[in-house]
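Single-structure report; data block below.
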Amino acid sequence: IPSSTLDLEWVHGYRAQDARNNLRYTSDGDIVYSAAGVGIVYDKKSHTQKHHVEHTDDIICLAVSPDGKKVATGQMGKRPSVLVWDAGGCTTLACLKGFHKRGISLVTFSDDGSLIASVGQDDNHSVAIYNWAQERKVASSKGDKNKTLDIKFTPSGDQLVTCGVKHVKFWTISGRNMKCKKGIFGKKAKIQAIMCIGFAKGKTVTGTASGDLYVWEGRKVERIVSDAHSKAVNALFSCPAGLASGGKDGSVLLWDRTGKVRA
């Protein structure tokens, strides 16, 4: 019997066919993404990869903590798990399992990095919140029958926003209880697929399949930025400079605090 073993040196490819918003930077400037069941950290300066290989099925969602040092990845499977791991050494820090079924399609960190929220692929697209360091589920609830496409904690951390096909929901977290109220589109906004969530000037902003941005006051659409993109708005990212939006039209725009395009 040969004594040799195989070492993983390089993973070719990137999972894009059924996963969204799963390409991120770490605090070191490395790029994190996934392919099959492997979490990949790519150092573009040295052109090298590091690998996290402890998932038991394909990874279909990914998030990086606000400090850029930890990664959360969710997988497919009958009893899927979210693994939280160190971006520097690719060692597992926590395993969150036992609640979701079929797969975990979305995962996100709270702004202080202490909580993780996830969405499952069951019929109700159930939502769970974890204290990941304690590997403890804090709260959970049924989500929406329609597909959920994004989940974000509000900057305050005590609320959660989910969106997807024909819905936006605003969640209040109180202990183990989660209560949600549906977003009110009103007469001007179109009920459609809401693709992504961001925050600007203390307000929730969502990107739509039609290319518009909806600005929410509480749970009502307050203002519409028409034709922000010529095709669907697939990504929103809040940063100190403003709000960045990425569209299916291939453009990335940076909106300043007055709502005007800076780049």
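In the structure tokens, the first chain shown is A, the next is B, and so on; residue numbers restart at 1 for each chain, and ligands run from 1 in the order shown.
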
Could you give me, as a tab-separated table, a per-residue list for region 41-158 of chain A showing, wherever an atom lies at most 12 Å from an atom of region 190-210 of chain A, the closest pair of atoms and their distance in Å to one decimal, using only C-alpha atoms and sorting by chain then residue number from low to high?
```
residue	atom	partner	partner_atom	distance
A:Leu106	CA	A:Cys196	CA	11.5
A:Thr108	CA	A:Ile197	CA	11.6
A:Asp111	CA	A:Phe199	CA	11.8
A:Asn146	CA	A:Ala193	CA	9.8
A:Lys147	CA	A:Ala193	CA	9.2
A:Thr148	CA	A:Met195	CA	8.6
A:Leu149	CA	A:Met195	CA	5.7
A:Asp150	CA	A:Cys196	CA	5.3
A:Ile151	CA	A:Ile197	CA	7.1
A:Lys152	CA	A:Ile197	CA	6.7
A:Phe153	CA	A:Gly198	CA	9.6
A:Thr154	CA	A:Phe199	CA	7.6
A:Pro155	CA	A:Phe199	CA	7.9
A:Ser156	CA	A:Gly202	CA	9.4
```

(request) Could you find all residues in region 21-217 of chain A that DSSP calls strand (DSSP E) from the backbone, and write them as a PyMOL selection string? (result) chain A and resi 24-25+31-35+38-43+48-52+59-64+70-75+81-86+92-97+104-109+115-120+127-131+136-141+148-153+159-164+167-174+177-182+194-200+203-208+213-217

(message) List as a PyMOL selection string the protein and nucleic acid residues near Asp30 (chain A), meaning an atom at most 8 Å away when only C-alpha atoms are counted, but skip any in the same chain fewer than 5 places from it.
(response) chain A and resi 25+41-44

Export, as a PDB file, in the first residue's frame, the selected residues with C-alpha atoms.
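What ended up in result.pdb:
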```pdb
ATOM      1  CA  TYR A  25     -12.685  40.451   0.294  1.00  0.00           C
ATOM      2  CA  VAL A  41      -9.190  32.161  -0.050  1.00  0.00           C
ATOM      3  CA  TYR A  42      -7.174  33.542  -2.971  1.00  0.00           C
ATOM      4  CA  ASP A  43      -4.093  35.719  -2.462  1.00  0.00           C
ATOM      5  CA  LYS A  44      -3.802  37.677  -5.696  1.00  0.00           C
TER       6      LYS A  44
END
```

(request) Would you kindly return, as a PyMOL selection string, each protein, DNA or RNA residue with an atom no farther than 7 Å from any atom of Trp132 (chain A), considering only C-alpha atoms and excluding same-chain residues fewer than 4 positions away? (result) chain A and resi 94+114-116+136

(request) May I ask for the distance between CA of Arg79 (chain A) and CA of Val11 (chain A), given in Å to one decimal place? (result)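 Between CA of Arg79 (chain A) and CA of Val11 (chain A) the gap is 25.5 Å.
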
(request) Please provide as a PyMOL selection string all residues within 12 Å of region 67-69 of chain A, with the sequence filter that same-chain residues fewer than 4 positions apart are discarded (counting only C-alpha atoms). (result) chain A and resi 24-32+41+63+84-91+93+109-114

(request) Work out how far apart CA of Ser34 (chain A) and CA of Gly143 (chain A) are and give it in Å to one decimal. (result)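 These atoms are spaced 25.8 Å apart.
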
(request) Rounded to one decimal place, report the CA of Asn21 (chain A)-CA of Leu62 (chain A) distance in Å. (result)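 Going from CA of Asn21 (chain A) over to CA of Leu62 (chain A) covers 7.6 Å.
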
(request) Return the single residue from A:His12, A:Lys145, A:Lys166, A:Arg176 that is closest to Asn131 (chain A), with distances computed using only C-alpha atoms. (result)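 Result for the nearest residue to Asn131 (chain A): A:Arg176.
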
(message) Using only C-alpha atoms, can you tell me which of A:Ala128, A:Leu8, A:Gln17, A:Asp144 comes closest to Val165 (chain A)?
(response)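 Among the listed residues, A:Asp144 lies closest to Val165 (chain A).
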
Kindly assemble as JSON lines a list of the region 170-194 of chain A residues that lie within 6 Å of region 220-225 of chain A, each paired with its nearest atom pair and their distance in Å to one decimal, using only C-alpha atoms, sorted first by chain and then by ascending residue number.
```
{"residue": "A:Gly183", "atom": "CA", "partner": "A:Lys220", "partner_atom": "CA", "distance": 5.9}
{"residue": "A:Ile184", "atom": "CA", "partner": "A:Lys220", "partner_atom": "CA", "distance": 4.7}
{"residue": "A:Phe185", "atom": "CA", "partner": "A:Val221", "partner_atom": "CA", "distance": 5.5}
```
